[in-house]
Amino acid sequence: MDSYTGDVSRIGEVVLDVADGRWEPAFEAALAHPVGDLLVMDRVILEPPWRGLGLGSVLAGAAIRRLSQDCVAVACEPGSADGRELTEEQHREAAAKLGRVWERIGFEPFQEGVHILDCHLQRPQDLLAERQEEFNALCRAWRDHHRP
C-alpha cells in the first residue's frame, strides 16, 4: 500500500496486521462478517461549484456499491484532497466535515482518523438510497423553479 499515497499506507497500517498478513483484531471485531477484500477510498474530489449539494456522497456511494462486490469493508481517511495547503487546524476541520459527509452513507469512525463502512450491513444501502432521494428532490426543485 505504501507504493500509493501516504494516506492509503496509513489506512493499511490501521486495518492490517502486516506481520501476520491478517486484519487487525479491532478491525475484524468491528465488522459483521470479516471475510473478503478491502476497498480503499483514497479521495473524492468535486469541483467547488458542485460542493455542498449532496452530490459527493451520492457519487461516492454509487461507486462504492459498484466496486465493493466481495469486499468486507470500505476504508477511508477523510481529509481535504484538492491540493490546497492547509494549516493543521484547517486539516482537522476538513477531516471532521468530510467525516460527517461519509457518515451519511454509512461510514463510521474507526481508529486514528480512519473510517470504515461494513459492506455486509443493510444500513449503508439504505443511507445511500436516502441520499439519492434527497439529491433527486433537489434536482426536481431546481427544475421546477427554472421551468419557463
# chains A, B, ... in the order shown; residues from 1 in each chain; ligands from 1
$ closest_atom_pairs --of "stretch 93-122 of chain A" --to "stretch 16-37 of chain A" --cutoff "9 Å" --atoms "only C-alpha atoms" --output "tab-separated table"
residue	atom	partner	partner_atom	distance
A:Phe110	CA	A:Phe27	CA	7.9
A:Gln111	CA	A:Phe27	CA	8.9
A:Ile116	CA	A:Phe27	CA	8.9
A:Leu117	CA	A:Leu31	CA	8.8
A:Asp118	CA	A:Leu31	CA	6.0
A:Cys119	CA	A:Leu31	CA	8.7
A:His120	CA	A:Ala32	CA	6.6
A:Leu121	CA	A:Ala32	CA	7.3
$ write_last_selection --atoms "N, CA and C atoms" --output "JSON list (two decimals), in the first residue's frame"
[["chain", "number", "residue", "atom", "x", "y", "z"],
["A", 110, "PHE", "N", -13.42, 4.77, 12.95],
["A", 110, "PHE", "CA", -12.82, 3.54, 13.46],
["A", 110, "PHE", "C", -11.68, 3.89, 14.41],
["A", 111, "GLN", "N", -10.49, 4.09, 13.87],
["A", 111, "GLN", "CA", -9.32, 4.42, 14.69],
["A", 111, "GLN", "C", -8.41, 5.34, 13.91],
["A", 116, "ILE", "N", -14.64, 3.41, 8.47],
["A", 116, "ILE", "CA", -14.94, 2.17, 7.74],
["A", 116, "ILE", "C", -16.43, 2.05, 7.47],
["A", 117, "LEU", "N", -16.75, 1.39, 6.38],
["A", 117, "LEU", "CA", -18.12, 1.07, 6.00],
["A", 117, "LEU", "C", -18.18, -0.45, 5.86],
["A", 118, "ASP", "N", -19.02, -1.08, 6.66],
["A", 118, "ASP", "CA", -19.16, -2.54, 6.63],
["A", 118, "ASP", "C", -20.06, -2.91, 5.46],
["A", 119, "CYS", "N", -19.51, -3.58, 4.48],
["A", 119, "CYS", "CA", -20.24, -3.92, 3.25],
["A", 119, "CYS", "C", -21.32, -4.98, 3.46],
["A", 120, "HIS", "N", -21.31, -5.66, 4.58],
["A", 120, "HIS", "CA", -22.29, -6.71, 4.82],
["A", 120, "HIS", "C", -23.54, -6.22, 5.55],
["A", 121, "LEU", "N", -23.63, -4.93, 5.80],
["A", 121, "LEU", "CA", -24.78, -4.39, 6.50],
["A", 121, "LEU", "C", -25.77, -3.76, 5.52]]
$ residues_around --residues "A:His115" --least-positions-apart "6" --cutoff "7 Å" --atoms "only C-alpha atoms" --output "number ranges by chain"
A: 75-77, 107-109
$ write_last_selection --atoms "N, CA, C and O atoms" --output "mmCIF file, in the first residue's frame"
data_model
loop_
_atom_site.group_PDB
_atom_site.id
_atom_site.type_symbol
_atom_site.label_atom_id
_atom_site.label_comp_id
_atom_site.auth_asym_id
_atom_site.auth_seq_id
_atom_site.Cartn_x
_atom_site.Cartn_y
_atom_site.Cartn_z
ATOM 1 N N ALA A 75 -12.663 1.442 3.436
ATOM 2 C CA ALA A 75 -11.964 2.279 4.407
ATOM 3 C C ALA A 75 -11.539 3.577 3.751
ATOM 4 O O ALA A 75 -11.205 3.609 2.562
ATOM 5 N N CYS A 76 -11.581 4.651 4.527
ATOM 6 C CA CYS A 76 -11.099 5.943 4.037
ATOM 7 C C CYS A 76 -10.577 6.747 5.218
ATOM 8 O O CYS A 76 -10.833 6.424 6.382
ATOM 9 N N GLU A 77 -9.829 7.770 4.885
ATOM 10 C CA GLU A 77 -9.364 8.716 5.897
ATOM 11 C C GLU A 77 -9.788 10.092 5.428
ATOM 12 O O GLU A 77 -9.139 10.686 4.563
ATOM 13 N N PHE A 107 -20.384 5.248 6.635
ATOM 14 C CA PHE A 107 -19.052 5.127 7.235
ATOM 15 C C PHE A 107 -19.152 5.438 8.717
ATOM 16 O O PHE A 107 -19.959 6.269 9.137
ATOM 17 N N GLU A 108 -18.317 4.766 9.496
ATOM 18 C CA GLU A 108 -18.249 5.023 10.927
ATOM 19 C C GLU A 108 -16.799 5.259 11.308
ATOM 20 O O GLU A 108 -15.899 4.602 10.773
ATOM 21 N N PRO A 109 -16.569 6.205 12.228
ATOM 22 C CA PRO A 109 -15.194 6.395 12.698
ATOM 23 C C PRO A 109 -14.672 5.098 13.284
ATOM 24 O O PRO A 109 -15.380 4.403 14.002
#
$ atom_distance --atom1 "atom CA of A:Leu98" --atom2 "atom CA of A:Pro78"
5.5 Å
$ residues_around --residues "stretch 138-145 of chain A" --least-positions-apart "5" --cutoff "12 Å" --atoms "only C-alpha atoms" --output "PDB file with all heavy atoms, in the first residue's frame"
ATOM      1  N   GLY A  52     -21.413  20.841  -1.650  1.00  0.00           N
ATOM      2  CA  GLY A  52     -22.488  21.290  -0.770  1.00  0.00           C
ATOM      3  C   GLY A  52     -23.882  20.931  -1.237  1.00  0.00           C
ATOM      4  O   GLY A  52     -24.862  21.356  -0.634  1.00  0.00           O
ATOM      5  N   LEU A  53     -23.998  20.157  -2.303  1.00  0.00           N
ATOM      6  CA  LEU A  53     -25.302  19.782  -2.840  1.00  0.00           C
ATOM      7  C   LEU A  53     -25.674  18.335  -2.526  1.00  0.00           C
ATOM      8  O   LEU A  53     -26.748  17.877  -2.906  1.00  0.00           O
ATOM      9  CB  LEU A  53     -25.320  19.985  -4.368  1.00  0.00           C
ATOM     10  CG  LEU A  53     -24.992  21.385  -4.870  1.00  0.00           C
ATOM     11  CD1 LEU A  53     -24.843  21.386  -6.381  1.00  0.00           C
ATOM     12  CD2 LEU A  53     -26.063  22.364  -4.429  1.00  0.00           C
ATOM     13  N   GLY A  54     -24.777  17.612  -1.881  1.00  0.00           N
ATOM     14  CA  GLY A  54     -25.028  16.206  -1.596  1.00  0.00           C
ATOM     15  C   GLY A  54     -24.564  15.277  -2.706  1.00  0.00           C
ATOM     16  O   GLY A  54     -24.737  14.069  -2.621  1.00  0.00           O
ATOM     17  N   LEU A  55     -23.972  15.845  -3.741  1.00  0.00           N
ATOM     18  CA  LEU A  55     -23.546  15.048  -4.883  1.00  0.00           C
ATOM     19  C   LEU A  55     -22.355  14.150  -4.553  1.00  0.00           C
ATOM     20  O   LEU A  55     -22.285  13.009  -5.021  1.00  0.00           O
ATOM     21  CB  LEU A  55     -23.214  15.964  -6.064  1.00  0.00           C
ATOM     22  CG  LEU A  55     -22.885  15.317  -7.391  1.00  0.00           C
ATOM     23  CD1 LEU A  55     -24.036  14.423  -7.847  1.00  0.00           C
ATOM     24  CD2 LEU A  55     -22.596  16.383  -8.435  1.00  0.00           C
ATOM     25  N   ARG A 131     -29.811   9.335   0.461  1.00  0.00           N
ATOM     26  CA  ARG A 131     -29.034  10.433  -0.129  1.00  0.00           C
ATOM     27  C   ARG A 131     -29.425  10.636  -1.601  1.00  0.00           C
ATOM     28  O   ARG A 131     -29.520  11.753  -2.080  1.00  0.00           O
ATOM     29  CB  ARG A 131     -27.533  10.162  -0.051  1.00  0.00           C
ATOM     30  CG  ARG A 131     -26.922   9.962   1.337  1.00  0.00           C
ATOM     31  CD  ARG A 131     -27.049  11.115   2.304  1.00  0.00           C
ATOM     32  NE  ARG A 131     -28.345  11.314   2.868  1.00  0.00           N
ATOM     33  CZ  ARG A 131     -28.867  10.643   3.926  1.00  0.00           C
ATOM     34  NH1 ARG A 131     -28.202   9.697   4.522  1.00  0.00           N
ATOM     35  NH2 ARG A 131     -30.071  10.936   4.377  1.00  0.00           N
ATOM     36  N   GLN A 132     -29.637   9.542  -2.319  1.00  0.00           N
ATOM     37  CA  GLN A 132     -30.043   9.648  -3.727  1.00  0.00           C
ATOM     38  C   GLN A 132     -31.394  10.330  -3.837  1.00  0.00           C
ATOM     39  O   GLN A 132     -31.592  11.179  -4.708  1.00  0.00           O
ATOM     40  CB  GLN A 132     -30.075   8.268  -4.377  1.00  0.00           C
ATOM     41  CG  GLN A 132     -28.692   7.697  -4.609  1.00  0.00           C
ATOM     42  CD  GLN A 132     -28.699   6.245  -5.053  1.00  0.00           C
ATOM     43  OE1 GLN A 132     -29.560   5.452  -4.659  1.00  0.00           O
ATOM     44  NE2 GLN A 132     -27.722   5.891  -5.873  1.00  0.00           N
ATOM     45  N   GLU A 133     -32.320   9.983  -2.957  1.00  0.00           N
ATOM     46  CA  GLU A 133     -33.640  10.611  -2.995  1.00  0.00           C
ATOM     47  C   GLU A 133     -33.550  12.096  -2.647  1.00  0.00           C
ATOM     48  O   GLU A 133     -34.217  12.927  -3.261  1.00  0.00           O
ATOM     49  CB  GLU A 133     -34.620   9.894  -2.069  1.00  0.00           C
ATOM     50  CG  GLU A 133     -36.013  10.469  -2.113  1.00  0.00           C
ATOM     51  CD  GLU A 133     -36.576  10.672  -3.527  1.00  0.00           C
ATOM     52  OE1 GLU A 133     -36.395   9.795  -4.400  1.00  0.00           O
ATOM     53  OE2 GLU A 133     -37.198  11.732  -3.766  1.00  0.00           O
TER      54      GLU A 133
END
$ atom_distance --atom1 "atom CA of A:Gly106" --atom2 "atom CA of A:Ala94"
18.4 Å
$ select_by_dssp --residues "stretch 22-147 of chain A" --states "strand (DSSP E or B)" --output "PyMOL selection string"
chain A and resi 22-23+37-41+71-76+108-111+114-118
$ write_last_selection --atoms "N, CA, C and O atoms" --output "mmCIF file, in the first residue's frame"
data_model
loop_
_atom_site.group_PDB
_atom_site.id
_atom_site.type_symbol
_atom_site.label_atom_id
_atom_site.label_comp_id
_atom_site.auth_asym_id
_atom_site.auth_seq_id
_atom_site.Cartn_x
_atom_site.Cartn_y
_atom_site.Cartn_z
ATOM 1 N N ARG A 22 -2.973 -10.503 8.296
ATOM 2 C CA ARG A 22 -4.400 -10.610 8.607
ATOM 3 C C ARG A 22 -4.946 -9.245 8.970
ATOM 4 O O ARG A 22 -4.206 -8.286 9.101
ATOM 5 N N TRP A 23 -6.268 -9.216 9.173
ATOM 6 C CA TRP A 23 -6.884 -7.990 9.660
ATOM 7 C C TRP A 23 -6.436 -7.731 11.091
ATOM 8 O O TRP A 23 -6.215 -8.661 11.856
ATOM 9 N N ASP A 37 -12.328 -8.882 0.642
ATOM 10 C CA ASP A 37 -11.325 -7.881 0.302
ATOM 11 C C ASP A 37 -11.647 -6.554 0.975
ATOM 12 O O ASP A 37 -12.730 -6.355 1.515
ATOM 13 N N LEU A 38 -10.713 -5.632 0.887
ATOM 14 C CA LEU A 38 -10.887 -4.283 1.406
ATOM 15 C C LEU A 38 -10.840 -3.315 0.237
ATOM 16 O O LEU A 38 -9.919 -3.370 -0.584
ATOM 17 N N LEU A 39 -11.816 -2.437 0.152
ATOM 18 C CA LEU A 39 -11.815 -1.353 -0.828
ATOM 19 C C LEU A 39 -11.373 -0.096 -0.095
ATOM 20 O O LEU A 39 -11.909 0.230 0.965
ATOM 21 N N VAL A 40 -10.367 0.584 -0.626
ATOM 22 C CA VAL A 40 -9.875 1.816 -0.017
ATOM 23 C C VAL A 40 -10.318 2.986 -0.879
ATOM 24 O O VAL A 40 -10.016 3.035 -2.077
ATOM 25 N N MET A 41 -11.061 3.890 -0.277
ATOM 26 C CA MET A 41 -11.462 5.116 -0.961
ATOM 27 C C MET A 41 -10.389 6.153 -0.647
ATOM 28 O O MET A 41 -10.342 6.701 0.450
ATOM 29 N N CYS A 71 -16.293 -7.446 -1.070
ATOM 30 C CA CYS A 71 -15.468 -6.739 -0.093
ATOM 31 C C CYS A 71 -16.071 -6.860 1.296
ATOM 32 O O CYS A 71 -17.285 -6.898 1.463
ATOM 33 N N VAL A 72 -15.208 -6.923 2.267
ATOM 34 C CA VAL A 72 -15.616 -6.958 3.658
ATOM 35 C C VAL A 72 -15.974 -5.549 4.119
ATOM 36 O O VAL A 72 -16.898 -5.355 4.898
ATOM 37 N N ALA A 73 -15.225 -4.569 3.618
ATOM 38 C CA ALA A 73 -15.415 -3.193 4.069
ATOM 39 C C ALA A 73 -14.788 -2.226 3.082
ATOM 40 O O ALA A 73 -14.011 -2.616 2.212
ATOM 41 N N VAL A 74 -15.144 -0.969 3.282
ATOM 42 C CA VAL A 74 -14.508 0.145 2.584
ATOM 43 C C VAL A 74 -13.872 0.999 3.670
ATOM 44 O O VAL A 74 -14.477 1.219 4.724
ATOM 45 N N ALA A 75 -12.663 1.442 3.436
ATOM 46 C CA ALA A 75 -11.964 2.279 4.407
ATOM 47 C C ALA A 75 -11.539 3.577 3.751
ATOM 48 O O ALA A 75 -11.205 3.609 2.562
ATOM 49 N N CYS A 76 -11.581 4.651 4.527
ATOM 50 C CA CYS A 76 -11.099 5.943 4.037
ATOM 51 C C CYS A 76 -10.577 6.747 5.218
ATOM 52 O O CYS A 76 -10.833 6.424 6.382
ATOM 53 N N GLU A 108 -18.317 4.766 9.496
ATOM 54 C CA GLU A 108 -18.249 5.023 10.927
ATOM 55 C C GLU A 108 -16.799 5.259 11.308
ATOM 56 O O GLU A 108 -15.899 4.602 10.773
ATOM 57 N N PRO A 109 -16.569 6.205 12.228
ATOM 58 C CA PRO A 109 -15.194 6.395 12.698
ATOM 59 C C PRO A 109 -14.672 5.098 13.284
ATOM 60 O O PRO A 109 -15.380 4.403 14.002
ATOM 61 N N PHE A 110 -13.421 4.770 12.952
ATOM 62 C CA PHE A 110 -12.819 3.539 13.463
ATOM 63 C C PHE A 110 -11.680 3.891 14.407
ATOM 64 O O PHE A 110 -11.875 4.002 15.600
ATOM 65 N N GLN A 111 -10.491 4.089 13.868
ATOM 66 C CA GLN A 111 -9.321 4.420 14.686
ATOM 67 C C GLN A 111 -8.407 5.344 13.905
ATOM 68 O O GLN A 111 -8.307 5.244 12.682
ATOM 69 N N VAL A 114 -9.271 6.941 10.619
ATOM 70 C CA VAL A 114 -9.778 6.057 9.564
ATOM 71 C C VAL A 114 -11.252 5.770 9.826
ATOM 72 O O VAL A 114 -11.650 5.515 10.964
ATOM 73 N N HIS A 115 -12.045 5.827 8.772
ATOM 74 C CA HIS A 115 -13.464 5.497 8.834
ATOM 75 C C HIS A 115 -13.685 4.219 8.024
ATOM 76 O O HIS A 115 -13.001 4.005 7.016
ATOM 77 N N ILE A 116 -14.642 3.408 8.468
ATOM 78 C CA ILE A 116 -14.935 2.173 7.735
ATOM 79 C C ILE A 116 -16.429 2.049 7.472
ATOM 80 O O ILE A 116 -17.258 2.558 8.225
ATOM 81 N N LEU A 117 -16.745 1.389 6.382
ATOM 82 C CA LEU A 117 -18.119 1.066 6.002
ATOM 83 C C LEU A 117 -18.175 -0.449 5.861
ATOM 84 O O LEU A 117 -17.433 -1.016 5.062
ATOM 85 N N ASP A 118 -19.017 -1.078 6.657
ATOM 86 C CA ASP A 118 -19.158 -2.536 6.629
ATOM 87 C C ASP A 118 -20.056 -2.911 5.457
ATOM 88 O O ASP A 118 -21.246 -2.590 5.447
#
$ atom_distance --atom1 "atom CA of A:Ser9" --atom2 "atom CA of A:Ala60"
20.5 Å
$ select_by_dssp --residues "stretch 14-68 of chain A" --states "helix (DSSP H, G or I)" --output "count of residues only"
24
$ closest_residue --among "A:Glu47, A:His91, A:Glu85, A:Gln125" --to "A:Gly113" --atoms "only C-alpha atoms"
A:His91
